[in-house]
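Trainee: Okay, so here is start.txt, and as you'll see once you scroll down, it has compact mmCIF, C-alpha atoms.
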```
# COMPACT_ATOMS: atom_id res chain seq x y z
CA MET A 3 -4.05 0.84 -6.02
CA ASP A 4 -5.91 4.16 -6.22
CA GLY A 5 -4.00 6.15 -8.81
CA VAL A 6 -2.39 3.07 -10.35
CA LEU A 7 -5.32 0.75 -11.15
CA TYR A 8 -8.29 3.07 -10.72
CA ARG A 9 -9.46 6.52 -9.74
CA GLY A 10 -12.49 6.42 -7.48
CA THR A 11 -14.80 3.92 -9.17
CA GLU A 12 -13.26 4.14 -12.66
CA MET A 13 -10.49 1.88 -13.90
CA ILE A 14 -7.40 3.54 -15.33
CA PRO A 15 -7.26 2.40 -18.98
CA GLY A 16 -4.95 -0.57 -19.45
CA ALA A 17 -5.01 -1.77 -15.84
CA ASP A 18 -7.20 -4.77 -16.68
CA ALA A 19 -4.94 -5.83 -19.55
CA PHE A 20 -1.83 -5.48 -17.41
CA VAL A 21 -3.24 -7.68 -14.64
CA ARG A 22 -4.58 -10.20 -17.16
CA GLU A 23 -1.12 -10.46 -18.73
CA LEU A 24 0.46 -11.10 -15.33
CA ARG A 25 -2.01 -13.90 -14.62
CA GLU A 26 -1.75 -15.52 -18.05
CA ARG A 27 2.03 -15.63 -17.81
CA ASP A 28 1.96 -16.77 -14.17
CA ILE A 29 3.99 -13.76 -13.01
CA PRO A 30 3.54 -13.37 -9.24
CA PHE A 31 2.14 -10.06 -7.98
CA ARG A 32 0.53 -8.43 -4.97
CA PHE A 33 -1.54 -5.29 -4.62
CA LEU A 34 -0.30 -3.32 -1.61
CA THR A 35 -2.67 -0.81 -0.08
CA ASN A 36 -2.37 1.59 2.84
CA ASN A 37 -6.15 1.56 3.22
CA SER A 38 -7.05 -0.56 6.23
CA GLN A 39 -10.81 -0.21 5.87
CA ARG A 40 -11.45 -3.01 3.40
CA THR A 41 -10.76 -6.73 3.72
CA ARG A 42 -9.10 -8.61 0.89
CA ARG A 43 -12.49 -9.95 -0.14
CA ASP A 44 -13.90 -6.42 -0.25
CA ILE A 45 -11.08 -5.32 -2.54
CA VAL A 46 -11.60 -8.27 -4.89
CA ALA A 47 -15.29 -7.35 -5.06
CA LYS A 48 -14.47 -3.69 -5.78
CA LEU A 49 -12.07 -4.50 -8.62
CA GLY A 50 -14.19 -7.18 -10.30
CA PRO A 51 -16.88 -4.91 -11.79
CA MET A 52 -14.10 -2.71 -13.21
CA GLY A 53 -12.79 -5.73 -15.13
CA ILE A 54 -9.73 -6.29 -12.92
CA LEU A 55 -10.07 -9.95 -11.97
CA ILE A 56 -7.93 -11.12 -9.05
CA ASP A 57 -8.10 -13.50 -6.09
CA GLU A 58 -7.82 -12.68 -2.41
CA GLU A 59 -4.25 -13.96 -2.33
CA HIS A 60 -3.24 -11.11 -4.63
CA VAL A 61 -4.05 -8.47 -2.01
CA TYR A 62 -1.84 -7.40 0.90
CA THR A 63 -3.14 -4.59 3.10
CA CYS A 64 -1.55 -2.45 5.78
CA ALA A 65 -4.12 -3.93 8.20
CA MET A 66 -2.71 -7.41 7.51
CA ALA A 67 0.84 -6.14 7.97
CA THR A 68 -0.07 -4.41 11.24
CA ALA A 69 -1.79 -7.50 12.64
CA ALA A 70 1.16 -9.71 11.66
CA TYR A 71 3.56 -7.29 13.32
CA LEU A 72 1.55 -7.21 16.56
CA GLU A 73 1.34 -11.00 16.67
CA TRP A 74 5.14 -11.13 16.25
CA GLN A 75 5.63 -8.58 19.03
CA LYS A 76 3.05 -9.91 21.50
CA PRO A 77 1.17 -13.08 20.54
CA GLY A 78 -2.39 -13.25 21.84
CA GLY A 79 -2.46 -9.58 22.80
CA THR A 80 -5.29 -7.08 23.04
CA ALA A 81 -6.04 -3.87 21.15
CA PHE A 82 -8.33 -0.89 21.37
CA VAL A 83 -9.15 -0.15 17.73
CA ILE A 84 -10.09 3.02 15.92
CA GLY A 85 -10.82 1.64 12.49
CA GLU A 86 -13.15 -0.50 10.42
CA GLY A 87 -13.76 -4.03 9.17
CA GLY A 88 -10.50 -4.66 7.36
CA LEU A 89 -8.43 -3.88 10.45
CA LEU A 90 -10.72 -5.72 12.86
CA ASN A 91 -10.75 -8.87 10.71
CA ALA A 92 -6.97 -8.85 10.34
CA LEU A 93 -6.43 -8.52 14.08
CA HIS A 94 -8.83 -11.37 14.83
CA ALA A 95 -7.13 -13.54 12.19
CA HIS A 96 -3.82 -13.04 14.00
CA GLY A 97 -5.16 -13.98 17.41
CA TYR A 98 -5.85 -10.52 18.82
CA ALA A 99 -8.83 -9.60 20.97
CA VAL A 100 -10.43 -6.18 20.54
CA VAL A 101 -11.15 -4.62 23.95
CA ASP A 102 -12.38 -1.36 25.48
CA ASN A 103 -10.19 -1.33 28.60
CA ASN A 104 -6.49 -1.79 29.42
CA PRO A 105 -5.32 -2.88 25.96
CA ASP A 106 -1.76 -3.72 25.07
CA TYR A 107 -2.03 -1.48 22.01
CA VAL A 108 -4.11 1.36 20.66
CA VAL A 109 -4.35 0.66 16.92
CA VAL A 110 -5.54 3.33 14.48
CA GLY A 111 -6.59 2.88 10.87
CA GLU A 112 -8.74 4.73 8.33
CA GLY A 113 -12.41 5.13 8.99
CA ARG A 114 -15.40 7.41 9.17
CA THR A 115 -16.21 6.60 12.81
CA PHE A 116 -13.43 8.79 14.25
CA ASN A 117 -14.76 11.14 16.92
CA LEU A 118 -13.62 12.95 20.08
CA GLU A 119 -15.09 10.27 22.35
CA LEU A 120 -12.76 7.70 20.79
CA VAL A 121 -9.85 10.14 20.96
CA GLU A 122 -10.39 10.78 24.67
CA ALA A 123 -10.60 7.06 25.44
CA ALA A 124 -7.50 6.31 23.37
CA VAL A 125 -5.44 9.07 25.01
CA ARG A 126 -6.30 7.77 28.49
CA MET A 127 -5.26 4.25 27.49
CA ILE A 128 -1.99 5.47 25.99
CA LEU A 129 -1.17 7.45 29.12
CA ARG A 130 -1.80 4.27 31.14
CA GLY A 131 0.76 2.37 29.09
CA ALA A 132 -0.88 1.16 25.86
CA LYS A 133 1.42 1.43 22.82
CA LEU A 134 0.22 3.56 19.91
CA VAL A 135 0.35 1.83 16.50
CA ALA A 136 -0.85 3.24 13.18
CA THR A 137 -1.67 1.16 10.12
CA ASN A 138 -0.07 3.98 8.10
CA LEU A 139 0.86 7.64 8.39
CA ASP A 140 -0.70 8.92 5.16
CA PRO A 141 -2.04 12.41 5.94
CA ASN A 142 -4.93 12.14 3.49
CA CYS A 143 -6.81 9.71 1.26
CA PRO A 144 -8.16 10.25 -2.27
CA THR A 145 -11.91 9.86 -2.78
CA GLN A 146 -14.33 10.53 -5.61
CA ASN A 147 -15.06 13.92 -4.04
CA GLY A 148 -11.46 14.91 -3.35
CA LEU A 149 -9.13 14.37 -0.41
CA ARG A 150 -10.25 13.46 3.09
CA PRO A 151 -8.15 13.21 6.27
CA GLY A 152 -6.17 9.97 6.37
CA CYS A 153 -4.90 7.78 9.16
CA GLY A 154 -1.84 9.98 9.66
CA ALA A 155 -3.98 13.03 10.33
CA MET A 156 -6.03 11.17 12.95
CA VAL A 157 -2.95 9.69 14.59
CA ALA A 158 -1.35 13.16 14.78
CA MET A 159 -4.11 14.25 17.16
CA LEU A 160 -3.39 11.31 19.47
CA GLU A 161 0.36 11.91 19.28
CA THR A 162 -0.06 15.55 20.24
CA ALA A 163 -2.50 14.89 23.05
CA ALA A 164 -0.61 11.97 24.59
CA GLY A 165 2.92 13.22 23.90
CA VAL A 166 4.04 10.02 22.14
CA LYS A 167 4.96 8.99 18.61
CA ALA A 168 3.04 6.24 16.83
CA PHE A 169 4.78 3.27 15.25
CA SER A 170 3.56 2.54 11.73
CA VAL A 171 3.79 -0.68 9.72
CA GLY A 172 2.22 0.54 6.45
CA LYS A 173 4.05 1.72 3.34
CA PRO A 174 6.87 2.74 3.20
CA SER A 175 7.64 0.55 6.23
CA PRO A 176 10.18 -2.18 5.44
CA PHE A 177 8.09 -4.61 7.50
CA MET A 178 5.10 -4.45 5.14
CA MET A 179 7.04 -4.35 1.90
CA ARG A 180 9.44 -7.11 2.88
CA ALA A 181 6.55 -9.28 4.05
CA ALA A 182 4.84 -8.85 0.67
CA ARG A 183 8.06 -9.78 -1.15
CA LYS A 184 8.46 -12.92 0.95
CA ASP A 185 4.82 -13.78 0.30
CA LEU A 186 5.64 -13.71 -3.42
CA GLY A 187 8.68 -15.94 -2.91
CA LEU A 188 10.94 -13.51 -4.76
CA SER A 189 14.42 -12.17 -4.12
CA THR A 190 15.00 -8.43 -3.76
CA ASP A 191 16.38 -8.07 -7.28
CA GLU A 192 13.39 -9.93 -8.75
CA THR A 193 10.92 -7.49 -7.18
CA THR A 194 9.55 -4.31 -8.74
CA MET A 195 7.46 -1.76 -6.87
CA ILE A 196 4.97 0.08 -9.09
CA GLY A 197 3.28 3.07 -7.51
CA ASP A 198 2.00 6.61 -7.96
CA THR A 199 3.36 8.17 -4.76
CA MET A 200 6.97 9.13 -4.20
CA ASP A 201 6.68 9.39 -0.41
CA THR A 202 5.39 5.86 0.13
CA ASP A 203 5.58 3.52 -2.87
CA ILE A 204 8.83 4.70 -4.42
CA LEU A 205 10.55 5.59 -1.15
CA GLY A 206 9.84 2.14 0.27
CA GLY A 207 11.01 0.43 -2.90
CA VAL A 208 14.24 2.42 -3.03
CA GLN A 209 15.02 1.79 0.63
CA LEU A 210 14.60 -1.96 0.24
CA GLY A 211 16.55 -2.17 -3.01
CA PHE A 212 13.55 -3.10 -5.19
CA HIS A 213 13.28 -1.96 -8.78
CA THR A 214 10.85 0.96 -8.97
CA VAL A 215 8.35 2.28 -11.52
CA LEU A 216 6.47 5.53 -10.95
CA VAL A 217 3.17 6.03 -12.77
CA LEU A 218 1.93 9.61 -13.20
CA SER A 219 -1.75 8.64 -13.18
CA GLY A 220 -2.18 9.32 -9.47
CA GLY A 221 -0.75 11.63 -6.84
CA THR A 222 2.58 12.64 -8.41
CA ARG A 223 3.27 15.03 -11.28
CA ARG A 224 6.42 15.02 -13.40
CA GLU A 225 7.33 18.52 -12.18
CA ASP A 226 7.30 17.25 -8.58
CA LEU A 227 10.19 14.85 -9.14
CA SER A 228 12.99 17.41 -8.82
CA ARG A 229 12.11 17.90 -5.14
CA TYR A 230 13.17 14.37 -4.16
CA ALA A 231 16.65 13.12 -3.31
CA TYR A 232 15.69 9.69 -4.70
CA GLN A 233 14.11 8.77 -8.02
CA ALA A 234 12.24 5.85 -9.57
CA GLU A 235 14.18 3.84 -12.13
CA LEU A 236 11.40 4.29 -14.67
CA VAL A 237 8.66 6.93 -14.97
CA VAL A 238 5.62 6.29 -17.20
CA ASP A 239 2.33 8.09 -17.69
CA SER A 240 0.23 5.07 -16.68
CA ILE A 241 0.22 1.31 -16.23
CA ALA A 242 -0.81 1.02 -19.89
CA ASP A 243 2.60 2.33 -20.96
CA LEU A 244 4.42 -0.22 -18.81
CA HIS A 245 2.18 -2.97 -20.17
CA ARG A 246 3.00 -1.97 -23.75
CA LEU A 247 6.73 -1.91 -23.08
CA LEU A 248 6.73 -5.30 -21.43
CA VAL A 249 4.56 -7.00 -24.05
CA GLU A 250 6.60 -5.62 -26.93
CA ARG A 251 9.75 -6.89 -25.24
CA LYS A 252 8.16 -10.30 -24.63
CA TRP A 253 8.46 -9.80 -20.88
CA GLU A 254 12.22 -9.64 -20.77
CA PRO A 255 12.92 -8.07 -17.34
CA TRP A 256 12.72 -4.36 -18.06
CA TRP A 257 15.62 -3.51 -15.75
CA ASN A 258 17.97 -5.49 -18.01
CA LEU A 259 17.13 -3.22 -20.91
CA ARG A 260 18.74 0.09 -21.75
CA ARG A 261 16.97 2.63 -19.54
CA PRO A 262 17.27 5.64 -21.93
CA ALA A 263 15.52 3.66 -24.68
CA LEU A 264 12.73 2.70 -22.30
CA VAL A 265 12.28 6.29 -21.18
CA ARG A 266 12.07 7.49 -24.77
CA GLU A 267 9.51 4.80 -25.61
CA ALA A 268 7.44 5.54 -22.52
CA ALA A 269 7.32 9.22 -23.39
CA ALA A 270 6.42 8.60 -27.05
```
Would you mind writing the file out in structure tokens?

Mentor:
Amino acid sequence: MDGVLYRGTEMIPGADAFVRELRERDIPFRFLTNNSQRTRRDIVAKLGPMGILIDEEHVYTCAMATAAYLEWQKPGGTAFVIGEGGLLNALHAHGYAVVDNNPDYVVVGEGRTFNLELVEAAVRMILRGAKLVATNLDPNCPTQNGLRPGCGAMVAMLETAAGVKAFSVGKPSPFMMRAARKDLGLSTDETTMIGDTMDTDILGGVQLGFHTVLVLSGGTRREDLSRYAYQAELVVDSIADLHRLLVERKWEPWWNLRRPALVREAAA
């Protein structure tokens, strides 16, 4: 969402109109986020004052995906958690108990409570047999004041100390993105992934066969695109450009249109 709908506390122009159009036309959508700190209710409350009006059902977080995955792997299990409210709530909702000793899993998400005491405890648990799971492997997170270390950076310390590799369910994991598609009740060809990051949003969409739209309002610049072996089907400056294209075309599925014409219009 950060880089597509808003930057910090400011909405990206056109995001409210795009979401409003989706709701008025009853087009199903989900906001996927690799931030495990906030609950769905928290995210709804954050977007509301910006003018982006959604319900909790429109949000799907990596914390929810991680909790669903753990319940599928080991129902009624236990976890030692390095993370915050969004992750804790999701685990509880899926029948997991949060413990301080002998957990089935060590689960790591974003947060500002990370410290060496937690690292030491987690490493001991992993060496005793707990499985290491990360909500995502993003190395950093954007904030109003610049980048800060992300979940991936914190997990890397545990991986190095314990000599294991973490399993991650967040974007671009097929588990999270497929679960969101199924939640929408759509087929693969009916699903479009819109994102600002090539390494997560677009990579995940390409791997699952979704249609893909890259917006340049976040973490990717146009000059970066030549470095990747995969590309988005459509590249636009912001969500406002995609909104304009779709409204002018009366919401005919954009992938049925001639791509060169769309690219020219988006760049105009």

Trainee: Using all atoms listed in the file, pick whichever of A:Met178, A:Gly211, A:Arg32, A:Tyr62 has the shortest atom-to-atom distance to Asp191 of chain A.

Mentor: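 Nearest candidate to Asp191 of chain A out of A:Met178, A:Gly211, A:Arg32, A:Tyr62: A:Gly211.
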
Trainee: Compile the contact shell of segment 69-75 of chain A as a PyMOL selection string: residues with an atom at most 7 Å away, counting all atoms listed in the file, same-chain residues fewer than 6 positions apart removed.

Mentor: chain A and resi 92-93+96

Trainee: Of the residues A:Asn142, A:Gly97, A:Ala19, A:Met3, which is the one nearest to Leu34 of chain A, using all atoms listed in the file?

Mentor: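 Under the stated criterion, the closest residue is A:Met3.
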
Trainee: Applying 12 Å and only C-alpha atoms, which residues near Val121 of chain A remain after dropping the ones on its own chain fewer than 4 positions away? List them as a PyMOL selection string.

Mentor: chain A and resi 82-84+108-110+115-117+125-128+156-164

Trainee: For the interface of segment 21-123 of chain A with segment 184-190 of chain A (cut-off 12 Å, counting all atoms listed in the file), please tabulate each contacting residue of segment 21-123 of chain A alongside its nearest pair of atoms and their separation in Å to one decimal, rows sorted by chain and increasing number, as a Markdown table.

Mentor:
```
| residue | atom | partner | partner_atom | distance |
| --- | --- | --- | --- | --- |
| A:Asp28 | CA | A:Leu186 | CA | 11.8 |
| A:Ile29 | CA | A:Leu186 | CA | 9.7 |
| A:Pro30 | CA | A:Leu186 | CA | 6.2 |
| A:Phe31 | CA | A:Leu186 | CA | 6.8 |
| A:Arg32 | CA | A:Leu186 | CA | 7.5 |
| A:Phe33 | CA | A:Leu186 | CA | 11.1 |
| A:Leu34 | CA | A:Asp185 | CA | 11.8 |
| A:Glu59 | CA | A:Asp185 | CA | 9.4 |
| A:His60 | CA | A:Leu186 | CA | 9.3 |
| A:Val61 | CA | A:Asp185 | CA | 10.6 |
| A:Tyr62 | CA | A:Asp185 | CA | 9.2 |
| A:Ala67 | CA | A:Asp185 | CA | 11.5 |
```

Trainee: Excluding Arg27 of chain A and its own-chain neighbours fewer than 3 positions away, which residues fall within 12 Å of it when counting only C-alpha atoms? Please give them as a list in words.

Mentor: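 The contact residues come out as Phe20, Val21, Arg22, Glu23, Leu24, Pro30, Phe31, Leu248, Val249, Lys252 and Trp253 of chain A.
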
Trainee: Show me, as a PyMOL selection string, the residues that have an atom within 8 Å of Met195 of chain A when counting all atoms listed in the file, minus same-chain residues fewer than 2 positions from it.

Mentor: chain A and resi 193+197+203-204+207+212-215

Trainee: Please produce a file of those selected residues containing C-alpha atoms, as a compact mmCIF listing (two decimals), in the coordinates of the input.

Mentor:
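part.txt, freshly written:
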```txt
# COMPACT_ATOMS: atom_id res chain seq x y z
CA THR A 193 10.92 -7.49 -7.18
CA GLY A 197 3.28 3.07 -7.51
CA ASP A 203 5.58 3.52 -2.87
CA ILE A 204 8.83 4.70 -4.42
CA GLY A 207 11.01 0.43 -2.90
CA PHE A 212 13.55 -3.10 -5.19
CA HIS A 213 13.28 -1.96 -8.78
CA THR A 214 10.85 0.96 -8.97
CA VAL A 215 8.35 2.28 -11.52
```

Trainee: Which residues are near Tyr107 of chain A? Cut-off 7 Å, all atoms listed in the file, ignore same chain within fewer than 3 positions. Put them as a PDB file with C-alpha atoms, keeping the file's coordinate frame.

Mentor:
```pdb
ATOM      1  CA  THR A  80      -5.290  -7.080  23.040  1.00  0.00           C
ATOM      2  CA  ALA A  81      -6.040  -3.870  21.150  1.00  0.00           C
ATOM      3  CA  PHE A  82      -8.330  -0.890  21.370  1.00  0.00           C
ATOM      4  CA  ALA A 132      -0.880   1.160  25.860  1.00  0.00           C
ATOM      5  CA  LYS A 133       1.420   1.430  22.820  1.00  0.00           C
ATOM      6  CA  LEU A 134       0.220   3.560  19.910  1.00  0.00           C
ATOM      7  CA  VAL A 135       0.350   1.830  16.500  1.00  0.00           C
TER       8      VAL A 135
END
```

Trainee: When you draw a straight line from atom CA of Ala231 of chain A to atom CA of Ser219 of chain A, how long is it in Å?

Mentor: 21.4 Å

Trainee: Can you work out which one of A:Asn91, A:Asn104, A:Thr202, A:Thr63 has the shortest atom-to-atom distance to Ser175 of chain A, counting all atoms listed in the file?

Mentor: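 Checking each of A:Asn91, A:Asn104, A:Thr202, A:Thr63 against Ser175 of chain A, counting all atoms listed in the file, the winner is A:Thr202.
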
Trainee: Atom CA of Lys173 of chain A and atom CA of Glu122 of chain A are how many Å apart?

Mentor: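 Value for the atom CA of Lys173 of chain A-atom CA of Glu122 of chain A distance: 27.3 Å.
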
Trainee: Which is closest to Arg223 of chain A among A:Met13, A:Leu90, A:Met200, A:Leu205, if we use only C-alpha atoms?

Mentor: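 Checking each candidate against Arg223 of chain A, we get A:Met200 as the closest.
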
Trainee: Using only C-alpha atoms, pick whichever of A:Asp4, A:Glu26, A:Asp243, A:Asp18 has the shortest atom-to-atom distance to Ile45 of chain A.

Mentor: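 Closest to Ile45 of chain A of all the choices is A:Asp4.
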
Trainee: Under the rule that all atoms listed in the file are counted, which of A:Asn103, A:Thr199, A:Gly53, A:Asn37 is the nearest residue to Pro15 of chain A?

Mentor: A:Gly53

Trainee: Work out how far atom CA of Pro174 of chain A is from atom CA of Gln209 of chain A, in Å to one decimal.

Mentor: 8.6 Å

Trainee: For segment 112-140 of chain A, supply N, CA and C atoms and format the output as a PDB file, in the frame of the given file.

Mentor:
```
ATOM      1  N   GLU A 112      -7.772   3.832   8.953  1.00  0.00           N
ATOM      2  CA  GLU A 112      -8.740   4.730   8.330  1.00  0.00           C
ATOM      3  C   GLU A 112     -10.150   4.402   8.786  1.00  0.00           C
ATOM      4  N   GLY A 113     -11.011   5.382   8.679  1.00  0.00           N
ATOM      5  CA  GLY A 113     -12.410   5.130   8.990  1.00  0.00           C
ATOM      6  C   GLY A 113     -13.193   6.413   9.112  1.00  0.00           C
ATOM      7  N   ARG A 114     -14.502   6.255   9.054  1.00  0.00           N
ATOM      8  CA  ARG A 114     -15.400   7.410   9.170  1.00  0.00           C
ATOM      9  C   ARG A 114     -16.062   7.475  10.539  1.00  0.00           C
ATOM     10  N   THR A 115     -15.612   6.626  11.476  1.00  0.00           N
ATOM     11  CA  THR A 115     -16.210   6.600  12.810  1.00  0.00           C
ATOM     12  C   THR A 115     -15.371   7.374  13.820  1.00  0.00           C
ATOM     13  N   PHE A 116     -14.322   8.041  13.365  1.00  0.00           N
ATOM     14  CA  PHE A 116     -13.430   8.790  14.250  1.00  0.00           C
ATOM     15  C   PHE A 116     -14.188   9.951  14.890  1.00  0.00           C
ATOM     16  N   ASN A 117     -14.109  10.041  16.216  1.00  0.00           N
ATOM     17  CA  ASN A 117     -14.760  11.140  16.920  1.00  0.00           C
ATOM     18  C   ASN A 117     -14.004  11.440  18.219  1.00  0.00           C
ATOM     19  N   LEU A 118     -14.350  12.526  18.891  1.00  0.00           N
ATOM     20  CA  LEU A 118     -13.620  12.950  20.080  1.00  0.00           C
ATOM     21  C   LEU A 118     -13.788  11.975  21.246  1.00  0.00           C
ATOM     22  N   GLU A 119     -14.898  11.266  21.297  1.00  0.00           N
ATOM     23  CA  GLU A 119     -15.090  10.270  22.350  1.00  0.00           C
ATOM     24  C   GLU A 119     -14.035   9.165  22.238  1.00  0.00           C
ATOM     25  N   LEU A 120     -13.796   8.703  21.009  1.00  0.00           N
ATOM     26  CA  LEU A 120     -12.760   7.700  20.790  1.00  0.00           C
ATOM     27  C   LEU A 120     -11.378   8.266  21.091  1.00  0.00           C
ATOM     28  N   VAL A 121     -11.138   9.508  20.702  1.00  0.00           N
ATOM     29  CA  VAL A 121      -9.850  10.140  20.960  1.00  0.00           C
ATOM     30  C   VAL A 121      -9.578  10.213  22.464  1.00  0.00           C
ATOM     31  N   GLU A 122     -10.559  10.654  23.220  1.00  0.00           N
ATOM     32  CA  GLU A 122     -10.390  10.780  24.670  1.00  0.00           C
ATOM     33  C   GLU A 122     -10.084   9.423  25.298  1.00  0.00           C
ATOM     34  N   ALA A 123     -10.831   8.400  24.888  1.00  0.00           N
ATOM     35  CA  ALA A 123     -10.600   7.060  25.440  1.00  0.00           C
ATOM     36  C   ALA A 123      -9.211   6.564  25.063  1.00  0.00           C
ATOM     37  N   ALA A 124      -8.814   6.774  23.821  1.00  0.00           N
ATOM     38  CA  ALA A 124      -7.500   6.310  23.370  1.00  0.00           C
ATOM     39  C   ALA A 124      -6.377   7.013  24.106  1.00  0.00           C
ATOM     40  N   VAL A 125      -6.492   8.313  24.309  1.00  0.00           N
ATOM     41  CA  VAL A 125      -5.440   9.070  25.010  1.00  0.00           C
ATOM     42  C   VAL A 125      -5.287   8.553  26.440  1.00  0.00           C
ATOM     43  N   ARG A 126      -6.392   8.297  27.119  1.00  0.00           N
ATOM     44  CA  ARG A 126      -6.300   7.770  28.490  1.00  0.00           C
ATOM     45  C   ARG A 126      -5.594   6.417  28.515  1.00  0.00           C
ATOM     46  N   MET A 127      -5.895   5.562  27.545  1.00  0.00           N
ATOM     47  CA  MET A 127      -5.260   4.250  27.490  1.00  0.00           C
ATOM     48  C   MET A 127      -3.763   4.365  27.201  1.00  0.00           C
ATOM     49  N   ILE A 128      -3.401   5.274  26.304  1.00  0.00           N
ATOM     50  CA  ILE A 128      -1.990   5.470  25.990  1.00  0.00           C
ATOM     51  C   ILE A 128      -1.235   5.977  27.214  1.00  0.00           C
ATOM     52  N   LEU A 129      -1.814   6.909  27.926  1.00  0.00           N
ATOM     53  CA  LEU A 129      -1.170   7.450  29.120  1.00  0.00           C
ATOM     54  C   LEU A 129      -1.047   6.398  30.223  1.00  0.00           C
ATOM     55  N   ARG A 130      -1.895   5.372  30.166  1.00  0.00           N
ATOM     56  CA  ARG A 130      -1.800   4.270  31.140  1.00  0.00           C
ATOM     57  C   ARG A 130      -0.860   3.166  30.670  1.00  0.00           C
ATOM     58  N   GLY A 131      -0.252   3.334  29.503  1.00  0.00           N
ATOM     59  CA  GLY A 131       0.760   2.370  29.090  1.00  0.00           C
ATOM     60  C   GLY A 131       0.520   1.639  27.788  1.00  0.00           C
ATOM     61  N   ALA A 132      -0.645   1.817  27.151  1.00  0.00           N
ATOM     62  CA  ALA A 132      -0.880   1.160  25.860  1.00  0.00           C
ATOM     63  C   ALA A 132       0.027   1.775  24.799  1.00  0.00           C
ATOM     64  N   LYS A 133       0.539   0.958  23.898  1.00  0.00           N
ATOM     65  CA  LYS A 133       1.420   1.430  22.820  1.00  0.00           C
ATOM     66  C   LYS A 133       0.574   1.881  21.628  1.00  0.00           C
ATOM     67  N   LEU A 134       0.974   2.995  21.025  1.00  0.00           N
ATOM     68  CA  LEU A 134       0.220   3.560  19.910  1.00  0.00           C
ATOM     69  C   LEU A 134       0.791   3.049  18.588  1.00  0.00           C
ATOM     70  N   VAL A 135      -0.056   2.383  17.792  1.00  0.00           N
ATOM     71  CA  VAL A 135       0.350   1.830  16.500  1.00  0.00           C
ATOM     72  C   VAL A 135      -0.616   2.329  15.428  1.00  0.00           C
ATOM     73  N   ALA A 136      -0.048   2.785  14.311  1.00  0.00           N
ATOM     74  CA  ALA A 136      -0.850   3.240  13.180  1.00  0.00           C
ATOM     75  C   ALA A 136      -0.696   2.279  12.011  1.00  0.00           C
ATOM     76  N   THR A 137      -1.785   2.009  11.310  1.00  0.00           N
ATOM     77  CA  THR A 137      -1.670   1.160  10.120  1.00  0.00           C
ATOM     78  C   THR A 137      -0.871   1.853   9.036  1.00  0.00           C
ATOM     79  N   ASN A 138      -0.886   3.184   9.023  1.00  0.00           N
ATOM     80  CA  ASN A 138      -0.070   3.980   8.100  1.00  0.00           C
ATOM     81  C   ASN A 138      -0.080   5.415   8.586  1.00  0.00           C
ATOM     82  N   LEU A 139       0.784   6.225   8.005  1.00  0.00           N
ATOM     83  CA  LEU A 139       0.860   7.640   8.390  1.00  0.00           C
ATOM     84  C   LEU A 139       0.505   8.571   7.234  1.00  0.00           C
ATOM     85  N   ASP A 140      -0.270   8.067   6.269  1.00  0.00           N
ATOM     86  CA  ASP A 140      -0.700   8.920   5.160  1.00  0.00           C
ATOM     87  C   ASP A 140      -1.580  10.047   5.690  1.00  0.00           C
TER      88      ASP A 140
END
```
